[in-house]
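A.B. asks: Take a look at final24.txt, compact mmCIF, C-alpha atoms (C1' of nucleotides):
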```txt
# COMPACT_ATOMS: atom_id res chain seq x y z
CA MET A 1188 -66.19 57.42 6.66
CA ASP A 1189 -69.94 56.88 6.67
CA LEU A 1190 -72.83 59.26 6.83
CA GLU A 1191 -73.48 58.61 10.50
CA THR A 1192 -69.97 59.64 11.43
CA VAL A 1193 -70.29 62.87 9.50
CA LYS A 1194 -73.62 63.46 11.16
CA SER A 1195 -72.12 63.12 14.59
CA LYS A 1196 -69.24 65.40 13.67
CA LEU A 1197 -71.69 68.03 12.55
CA HIS A 1198 -73.66 67.46 15.68
CA ALA A 1199 -70.60 67.89 17.87
CA MET A 1200 -70.05 71.31 16.33
CA ASN A 1201 -73.63 72.40 16.93
CA PHE A 1202 -74.66 72.09 13.32
CA ARG A 1203 -78.09 70.62 12.72
CA LEU A 1204 -78.70 67.55 10.65
CA THR A 1205 -81.41 68.68 8.35
CA GLN A 1206 -83.12 66.56 5.76
CA GLU A 1207 -81.61 68.72 3.03
CA ARG A 1208 -78.07 68.29 4.30
CA GLU A 1209 -78.57 64.58 4.45
CA TRP A 1210 -79.66 64.46 0.82
CA VAL A 1211 -76.68 66.49 -0.31
CA LEU A 1212 -74.27 64.52 1.85
CA ARG A 1213 -75.60 61.22 0.56
CA VAL A 1214 -75.02 62.12 -3.06
CA PHE A 1215 -71.67 63.71 -2.33
CA MET A 1216 -70.26 60.87 -0.27
CA GLU A 1217 -71.57 58.02 -2.37
CA SER A 1218 -70.27 59.41 -5.65
CA GLY A 1219 -66.51 59.42 -5.08
CA GLU A 1220 -66.37 62.40 -7.41
CA MET A 1221 -65.50 66.04 -7.05
CA PHE A 1222 -68.11 68.64 -7.75
CA THR A 1223 -68.53 72.32 -8.19
CA ALA A 1224 -71.39 73.69 -6.10
CA MET A 1225 -73.60 73.82 -9.17
CA GLN A 1226 -72.76 70.28 -10.23
CA LEU A 1227 -73.63 68.84 -6.85
CA TYR A 1228 -76.79 70.92 -6.80
CA ASP A 1229 -77.85 69.40 -10.12
CA ARG A 1230 -76.98 65.88 -9.05
CA VAL A 1231 -78.97 66.13 -5.83
CA LYS A 1232 -81.93 67.44 -7.80
CA GLU A 1233 -81.75 64.39 -10.05
CA GLN A 1234 -81.46 61.80 -7.32
CA TYR A 1235 -83.52 63.27 -4.51
CA ASN A 1236 -85.36 66.53 -4.37
CA LYS A 1237 -84.53 70.02 -5.38
CA VAL A 1238 -82.55 71.81 -2.71
CA GLY A 1239 -81.40 75.39 -2.66
CA LEU A 1240 -78.06 76.14 -4.23
CA THR A 1241 -77.37 78.21 -1.15
CA THR A 1242 -77.69 75.08 0.93
CA VAL A 1243 -75.00 73.37 -1.10
CA TYR A 1244 -72.68 76.33 -0.71
CA ARG A 1245 -73.31 76.41 3.00
CA LEU A 1246 -72.64 72.70 3.40
CA PHE A 1247 -69.34 73.02 1.55
CA GLU A 1248 -68.45 75.86 3.85
CA VAL A 1249 -69.23 73.84 6.95
CA LEU A 1250 -67.47 70.71 5.73
CA THR A 1251 -64.41 72.68 4.72
CA LYS A 1252 -64.24 74.09 8.22
CA LEU A 1253 -64.46 70.56 9.60
CA ARG A 1254 -61.78 69.53 7.11
CA LEU A 1255 -64.08 66.92 5.62
CA VAL A 1256 -63.81 68.40 2.17
CA THR A 1257 -60.87 69.71 0.21
CA PRO A 1258 -61.29 72.37 -2.45
CA PHE A 1259 -59.44 72.10 -5.76
CA LEU A 1260 -58.87 74.84 -8.27
CA ILE A 1261 -59.00 73.36 -11.76
CA ASP A 1262 -59.19 75.61 -14.81
CA GLY A 1263 -60.47 78.45 -12.68
CA GLU A 1264 -63.29 76.41 -11.20
CA ILE A 1265 -63.55 75.33 -7.58
CA TYR A 1266 -64.22 71.65 -7.10
CA TYR A 1267 -64.85 70.05 -3.75
CA THR A 1268 -63.99 66.50 -2.88
CA PHE A 1269 -64.97 64.53 0.16
CA CYS A 1270 -62.00 63.79 2.33
CA SER A 1271 -61.79 61.90 5.52
CA GLY A 1272 -60.03 59.13 7.30
CA GLY A 1273 -56.29 59.17 7.72
CA HIS A 1274 -53.85 61.52 6.11
CA HIS A 1275 -53.73 61.04 2.38
CA HIS A 1276 -53.09 62.81 -0.89
CA HIS A 1277 -54.94 62.97 -4.16
CA PHE A 1278 -54.73 61.93 -7.72
CA VAL A 1279 -57.12 63.93 -9.87
CA CYS A 1280 -57.97 62.87 -13.38
CA LEU A 1281 -57.83 65.94 -15.61
CA ASP A 1282 -60.40 64.39 -17.93
CA CYS A 1283 -63.16 62.96 -15.76
CA HIS A 1284 -62.28 64.72 -12.50
CA ARG A 1285 -62.48 61.56 -10.48
CA VAL A 1286 -60.26 61.46 -7.44
CA LYS A 1287 -58.18 58.65 -6.02
CA ASN A 1288 -56.63 58.78 -2.62
CA ILE A 1289 -52.94 58.10 -2.17
CA TYR A 1290 -51.64 56.88 1.13
CA GLY A 1291 -48.10 56.99 2.38
CA CYS A 1292 -46.57 60.41 2.85
CA GLU A 1293 -42.88 61.10 2.96
CA MET A 1294 -43.40 64.68 3.96
CA ASP A 1295 -44.33 63.74 7.50
CA THR A 1296 -40.78 62.70 8.20
CA ARG A 1297 -39.11 65.81 6.87
CA ASP A 1298 -38.11 68.67 9.08
CA PHE A 1299 -39.40 72.06 8.00
CA SER A 1300 -38.68 73.96 11.19
CA GLU A 1301 -36.36 76.34 9.37
CA ILE A 1302 -39.09 77.34 6.96
CA GLY A 1303 -41.92 77.92 9.40
CA LYS A 1304 -44.47 76.29 11.62
CA ILE A 1305 -46.43 73.96 9.37
CA GLU A 1306 -50.17 73.81 9.96
CA TYR A 1307 -50.99 71.40 7.20
CA HIS A 1308 -49.90 70.40 3.75
CA ARG A 1309 -51.41 68.99 0.63
CA MET A 1310 -50.09 67.12 -2.29
CA ASP A 1311 -52.02 66.61 -5.47
CA LEU A 1312 -51.16 64.63 -8.55
CA PHE A 1313 -52.84 65.47 -11.82
CA GLY A 1314 -53.00 63.27 -14.85
CA HIS A 1315 -55.13 60.80 -16.73
CA CYS A 1316 -56.71 57.82 -15.03
CA GLU A 1317 -56.79 54.37 -16.55
CA ASN A 1318 -60.25 54.89 -18.01
CA CYS A 1319 -59.35 58.16 -19.66
CA GLN A 1320 -56.08 57.29 -21.36
CA GLY A 1321 -57.64 56.95 -24.78
CA SER A 1322 -58.21 60.07 -26.83
CA VAL A 1323 -61.72 60.55 -25.47
CA PRO A 1324 -62.58 60.50 -21.79
CA SER A 1325 -64.54 57.35 -21.07
CA CYS A 1326 -65.82 58.06 -17.61
CA MET B 172 -35.51 83.54 -13.64
CA ASP B 173 -35.14 87.08 -14.89
CA LEU B 174 -37.38 89.31 -16.90
CA GLU B 175 -35.46 88.74 -20.12
CA THR B 176 -35.98 85.00 -19.93
CA VAL B 177 -39.70 85.44 -19.42
CA LYS B 178 -39.79 87.84 -22.32
CA SER B 179 -38.17 85.32 -24.60
CA LYS B 180 -40.54 82.61 -23.44
CA LEU B 181 -43.47 84.82 -24.24
CA HIS B 182 -41.90 85.67 -27.52
CA ALA B 183 -41.39 82.03 -28.38
CA MET B 184 -45.12 81.44 -27.94
CA ASN B 185 -46.03 84.38 -30.18
CA PHE B 186 -47.10 86.62 -27.34
CA ARG B 187 -46.08 90.22 -27.65
CA LEU B 188 -43.96 92.03 -25.12
CA THR B 189 -45.90 95.16 -24.49
CA GLN B 190 -44.89 97.96 -22.20
CA GLU B 191 -47.87 97.17 -19.97
CA ARG B 192 -46.89 93.53 -19.59
CA GLU B 193 -43.40 94.54 -18.71
CA TRP B 194 -44.62 96.81 -15.92
CA VAL B 195 -46.83 94.11 -14.48
CA LEU B 196 -44.14 91.47 -14.82
CA ARG B 197 -41.56 93.66 -13.12
CA VAL B 198 -43.68 94.24 -10.05
CA PHE B 199 -44.77 90.62 -9.93
CA MET B 200 -41.35 89.07 -10.29
CA GLU B 201 -39.48 91.46 -8.03
CA SER B 202 -41.90 91.16 -5.14
CA GLY B 203 -41.59 87.48 -4.24
CA GLU B 204 -45.20 87.65 -3.10
CA MET B 205 -48.43 86.13 -4.24
CA PHE B 206 -51.20 88.37 -5.47
CA THR B 207 -54.81 88.30 -6.42
CA ALA B 208 -55.43 90.02 -9.74
CA MET B 209 -56.75 93.07 -7.95
CA GLN B 210 -53.80 93.25 -5.58
CA LEU B 211 -51.27 93.14 -8.39
CA TYR B 212 -53.28 95.70 -10.30
CA ASP B 213 -53.11 98.06 -7.32
CA ARG B 214 -49.41 97.47 -6.79
CA VAL B 215 -48.55 98.17 -10.42
CA LYS B 216 -50.56 101.36 -10.25
CA GLU B 217 -48.52 102.46 -7.23
CA GLN B 218 -45.11 101.69 -8.68
CA TYR B 219 -45.55 102.40 -12.36
CA ASN B 220 -48.59 103.51 -14.23
CA LYS B 221 -52.18 102.54 -14.16
CA VAL B 222 -52.83 99.50 -16.30
CA GLY B 223 -56.11 97.85 -17.08
CA LEU B 224 -57.27 95.17 -14.68
CA THR B 225 -58.08 93.13 -17.76
CA THR B 226 -54.43 93.24 -18.70
CA VAL B 227 -53.47 91.71 -15.36
CA TYR B 228 -56.02 88.95 -15.78
CA ARG B 229 -54.79 88.26 -19.28
CA LEU B 230 -51.17 88.11 -18.18
CA PHE B 231 -52.01 85.63 -15.41
CA GLU B 232 -53.81 83.53 -17.98
CA VAL B 233 -50.84 83.53 -20.32
CA LEU B 234 -48.30 82.84 -17.60
CA THR B 235 -50.39 80.03 -16.18
CA LYS B 236 -50.44 78.43 -19.61
CA LEU B 237 -46.67 78.75 -19.77
CA ARG B 238 -46.49 77.29 -16.25
CA LEU B 239 -44.67 80.36 -15.02
CA VAL B 240 -47.27 81.05 -12.38
CA THR B 241 -49.10 78.79 -9.99
CA PRO B 242 -52.54 79.65 -8.69
CA PHE B 243 -53.43 79.09 -5.05
CA LEU B 244 -56.88 78.97 -3.55
CA ILE B 245 -56.81 80.50 -0.09
CA ASP B 246 -60.02 81.35 1.72
CA GLY B 247 -61.92 81.39 -1.52
CA GLU B 248 -59.54 83.81 -3.19
CA ILE B 249 -57.23 82.99 -6.05
CA TYR B 250 -53.64 84.06 -5.52
CA TYR B 251 -50.95 83.75 -8.15
CA THR B 252 -47.31 83.26 -7.44
CA PHE B 253 -44.41 83.45 -9.83
CA CYS B 254 -42.83 80.08 -10.35
CA SER B 255 -39.94 79.09 -12.43
CA GLY B 256 -36.64 77.33 -12.44
CA GLY B 257 -36.36 73.73 -11.38
CA HIS B 258 -39.05 71.59 -9.86
CA HIS B 259 -39.99 72.81 -6.42
CA HIS B 260 -42.80 73.00 -3.94
CA HIS B 261 -44.20 75.79 -1.82
CA PHE B 262 -44.53 76.93 1.69
CA VAL B 263 -47.25 79.56 2.02
CA CYS B 264 -47.58 81.69 5.11
CA LEU B 265 -51.23 81.81 6.09
CA ASP B 266 -50.72 85.21 7.68
CA CYS B 267 -48.68 87.28 5.25
CA HIS B 268 -49.12 85.09 2.15
CA ARG B 269 -45.45 85.12 1.36
CA VAL B 270 -44.16 82.07 -0.44
CA LYS B 271 -40.96 80.13 0.03
CA ASN B 272 -39.79 77.52 -2.40
CA ILE B 273 -38.88 74.06 -1.20
CA TYR B 274 -36.49 71.96 -3.19
CA GLY B 275 -36.05 68.24 -3.03
CA CYS B 276 -39.00 66.12 -3.99
CA GLU B 277 -39.47 62.53 -2.95
CA MET B 278 -42.46 62.10 -5.19
CA ASP B 279 -40.33 61.95 -8.29
CA THR B 280 -38.99 58.58 -7.27
CA ARG B 281 -42.33 56.96 -6.53
CA ASP B 282 -44.13 54.84 -9.04
CA PHE B 283 -47.72 55.86 -9.70
CA SER B 284 -48.29 53.84 -12.84
CA GLU B 285 -51.11 51.90 -11.19
CA ILE B 286 -52.99 55.07 -10.44
CA GLY B 287 -52.74 56.80 -13.79
CA LYS B 288 -50.47 58.71 -16.11
CA ILE B 289 -49.19 61.64 -14.11
CA GLU B 290 -48.94 64.95 -15.92
CA TYR B 291 -47.75 67.02 -13.01
CA HIS B 292 -48.06 67.32 -9.30
CA ARG B 293 -47.93 69.96 -6.69
CA MET B 294 -47.24 70.00 -3.04
CA ASP B 295 -48.00 72.93 -0.81
CA LEU B 296 -47.24 73.47 2.83
CA PHE B 297 -49.27 75.99 4.78
CA GLY B 298 -48.34 77.49 8.08
CA HIS B 299 -46.79 80.49 9.74
CA CYS B 300 -43.45 81.87 8.66
CA GLU B 301 -40.77 83.00 11.10
CA ASN B 302 -41.89 86.60 10.93
CA CYS B 303 -45.51 85.78 11.61
CA GLN B 304 -45.22 83.45 14.57
CA GLY B 305 -46.19 86.12 17.09
CA SER B 306 -49.86 86.83 17.65
CA VAL B 307 -49.91 89.55 15.01
CA PRO B 308 -48.53 89.12 11.51
CA SER B 309 -45.41 91.22 11.22
CA CYS B 310 -44.81 91.14 7.53
C1' DG C 898 -41.60 102.70 -42.90
C1' DC C 899 -45.55 99.56 -43.81
C1' DC C 900 -48.52 95.84 -42.83
C1' DT C 901 -50.58 92.42 -40.15
C1' DT C 902 -52.35 91.11 -36.05
C1' DA C 903 -52.06 90.72 -31.04
C1' DT C 904 -53.06 93.65 -27.33
C1' DA C 905 -54.83 97.53 -24.15
C1' DG C 906 -58.40 99.22 -21.76
C1' DA C 907 -63.15 100.88 -20.97
C1' DA C 908 -67.60 99.25 -20.63
C1' DA C 909 -70.83 95.73 -20.54
C1' DA C 910 -71.99 91.17 -19.72
C1' DA C 911 -71.70 86.97 -17.53
C1' DC C 912 -70.88 84.32 -13.73
C1' DA C 913 -70.09 82.72 -9.11
C1' DT C 914 -70.75 83.50 -4.39
C1' DT C 915 -72.61 85.78 -0.37
C1' DT C 916 -76.03 88.21 2.12
C1' DT C 917 -80.61 89.25 3.53
C1' DC C 918 -84.95 88.10 5.13
C1' DT C 919 -88.81 85.25 6.73
C1' DA C 920 -90.84 80.86 7.37
C1' DT C 921 -89.70 76.39 8.95
C1' DA C 922 -88.01 72.68 11.46
C1' DA C 923 -84.16 70.55 14.42
C1' DG C 924 -83.09 69.35 18.84
C1' DC C 925 -83.24 70.48 23.49
C1' DG C 926 -85.66 70.62 28.02
C1' DT C 927 -89.67 69.58 30.38
C1' DA D 834 -95.42 64.68 23.26
C1' DC D 835 -95.23 69.64 23.63
C1' DG D 836 -93.26 73.94 23.45
C1' DC D 837 -89.21 76.88 23.12
C1' DT D 838 -85.02 78.48 21.16
C1' DT D 839 -82.28 79.00 17.47
C1' DA D 840 -79.97 77.18 13.36
C1' DT D 841 -81.30 76.48 8.79
C1' DA D 842 -83.75 76.52 4.04
C1' DG D 843 -84.51 78.85 0.14
C1' DA D 844 -85.88 82.78 -2.79
C1' DA D 845 -84.36 87.08 -4.09
C1' DA D 846 -81.18 90.66 -4.09
C1' DA D 847 -76.67 92.23 -3.67
C1' DT D 848 -71.94 91.75 -4.24
C1' DG D 849 -67.68 90.84 -6.23
C1' DT D 850 -64.93 88.66 -9.61
C1' DT D 851 -63.79 87.31 -14.16
C1' DT D 852 -64.72 87.29 -19.03
C1' DT D 853 -66.26 89.23 -23.24
C1' DT D 854 -66.86 92.80 -26.53
C1' DC D 855 -65.33 96.45 -29.20
C1' DT D 856 -62.20 99.91 -31.18
C1' DA D 857 -57.92 102.24 -31.15
C1' DT D 858 -53.14 101.32 -30.65
C1' DA D 859 -48.73 99.49 -30.97
C1' DA D 860 -45.56 95.26 -31.44
C1' DG D 861 -42.81 92.88 -34.46
C1' DG D 862 -41.97 90.96 -38.99
C1' DC D 863 -40.93 92.21 -43.70
```
What does the file become when written as structure tokens?
C.D. replies:
Amino acid sequence: MDLETVKSKLHAMNFRLTQEREWVLRVFMESGEMFTAMQLYDRVKEQYNKVGLTTVYRLFEVLTKLRLVTPFLIDGEIYYTFCSGGHHHHFVCLDCHRVKNIYGCEMDTRDFSEIGKIEYHRMDLFGHCENCQGSVPSC
Amino acid sequence: MDLETVKSKLHAMNFRLTQEREWVLRVFMESGEMFTAMQLYDRVKEQYNKVGLTTVYRLFEVLTKLRLVTPFLIDGEIYYTFCSGGHHHHFVCLDCHRVKNIYGCEMDTRDFSEIGKIEYHRMDLFGHCENCQGSVPSC
DNA sequence: GCCTTATAGAAAAACATTTTCTATAAGCGT
DNA sequence: ACGCTTATAGAAAATGTTTTTCTATAAGGC
């Protein structure tokens, strides 16, 4: 998904497309990484201008509502990753925290009606990516 | 899994089996619910004695390390659920936060060697349990 | 029983997140 | 292009959660 699509989704929900949100979105979407609020804040400051940390928190909140980001709890810290397009799952590298999407979901074909009414599900794999399989993370 | 088994697992890792841990463990394991640290703290206080909130936090930390609890991030809050026995996944009721285990995992048969070395995975379903499918949560 | 050392718990500190408040600017209608 | 309405930015304060610190206690080995 590109920036323009996200913009129009925000627009459709009556959210405004401020300059600051665009900066944060750019960095977030182009990186392919997951960030804590503080990490994204720092990265945006490096690449564009300083924005308020509050702005980053608020964007995460909005995007989570729109289901464009997925939060991950890793070692007690909340990381957010950009998520869009079709249904997919995640591989998260425990070393470098990069995320790869995994397509193909067997769960969709299973019947869970006895358990409850399913709203959504998630499936996350954790491990070490190709670049991080040496003793020291390399990415 | 019963309390004695958990005790021996703690023991095997050089953790001590204090009276306070036993109280907290009892409430936690017998409830079948997920708790935030504060919620479990309150519940233990009701059913047994007052224990330190710090003690609850420390027990969650230990049990997470031993993979006997799984943390869930729901609406920005961290809930812990007791988890043991064979490999399973979770259904979490978004209304009452009760957890049901789901056995049978297709992921085990898939090959993810191209993606990375998998350490573990988790799969969580979210929805509304049978008791909570009316307009108001009933449990 | 004695000794070593992990643990309990209160209090303080650290940290993350949310709220508040005012100035600003986005996006609409004209 | 202009003006109007209202969402938003960002600093600062408040809030709430989690961790750390410190000392007394008790668990478990000998």
A.B. asks: Could you list, as a PyMOL selection string, every residue within 9 Å of stretch 1246-1253 of chain A, counting all atoms listed in the file and ignoring same-chain residues fewer than 4 positions away?
C.D. replies: chain A and resi 1196-1197+1200+1202+1208+1211-1212+1224+1241-1242+1257-1258+1267+1269
A.B. asks: Taking only residues of chain A that have an atom at most 12 Å from an atom of chain C, what is each one's shortest atom pair and its distance in Å to one decimal, using all atoms listed in the file, in chain and number order, as CSV?
C.D. replies:
```
residue,atom,partner,partner_atom,distance
A:His1198,CA,C:DG924,C1',10.1
A:Asn1201,CA,C:DG924,C1',10.1
A:Phe1202,CA,C:DA923,C1',9.7
A:Arg1203,CA,C:DA923,C1',6.3
A:Leu1204,CA,C:DA923,C1',7.3
A:Thr1205,CA,C:DA923,C1',6.9
A:Gln1206,CA,C:DA923,C1',9.6
A:Glu1207,CA,C:DA922,C1',11.3
A:Thr1223,CA,C:DA913,C1',10.6
A:Ala1224,CA,C:DA913,C1',9.6
A:Met1225,CA,C:DA913,C1',9.6
A:Leu1240,CA,C:DT914,C1',10.4
A:Thr1241,CA,C:DT915,C1',9.0
A:Thr1242,CA,C:DT915,C1',11.9
A:Val1243,CA,C:DT914,C1',11.5
A:Tyr1244,CA,C:DT914,C1',8.3
A:Arg1245,CA,C:DT915,C1',10.0
A:Glu1248,CA,C:DT914,C1',11.5
A:Gly1263,CA,C:DA913,C1',11.1
A:Glu1264,CA,C:DA913,C1',9.5
A:Ile1265,CA,C:DA913,C1',10.0
```
A.B. asks: Once you count all atoms listed in the file, which residues of chain D turn out to be within 10 Å of chain B? Could you give them as an NGL selection string?
C.D. replies: :D and (850-852 or 859-861)
A.B. asks: Within 10 Å of chain B, which residues of chain A are there when counting all atoms listed in the file? Please give them as a PyMOL selection string.
C.D. replies: chain A and resi 1258-1263+1265+1276-1281+1287-1289+1292-1294+1299-1320
A.B. asks: Between atom CA of B:Cys254 and atom CA of B:Gly223, measure the distance and give it in Å to one decimal.
C.D. replies: 23.2 Å
A.B. asks: Quick one: pull the distance between atom CA of A:Gly1219 and atom CA of A:Thr1268, Å, one decimal.
C.D. replies: 7.8 Å
A.B. asks: So how many Å separate atom CA of B:Ser255 and atom CA of A:Met1221, to one decimal?
C.D. replies: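 Value for the atom CA of B:Ser255-atom CA of A:Met1221 distance: 29.2 Å.
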A.B. asks: Here's a test: counting only C-alpha atoms (C1' of nucleotides), identify every protein, DNA and RNA residue with an atom at most 10 Å from (-32.7, 78.5, -13.4) in the file's coordinate frame, and state them as a list of chain:residue names.
C.D. replies: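 The distance filter leaves exactly B:Met172, B:Asp173, B:Thr176, B:Ser255, B:Gly256, B:Gly257.
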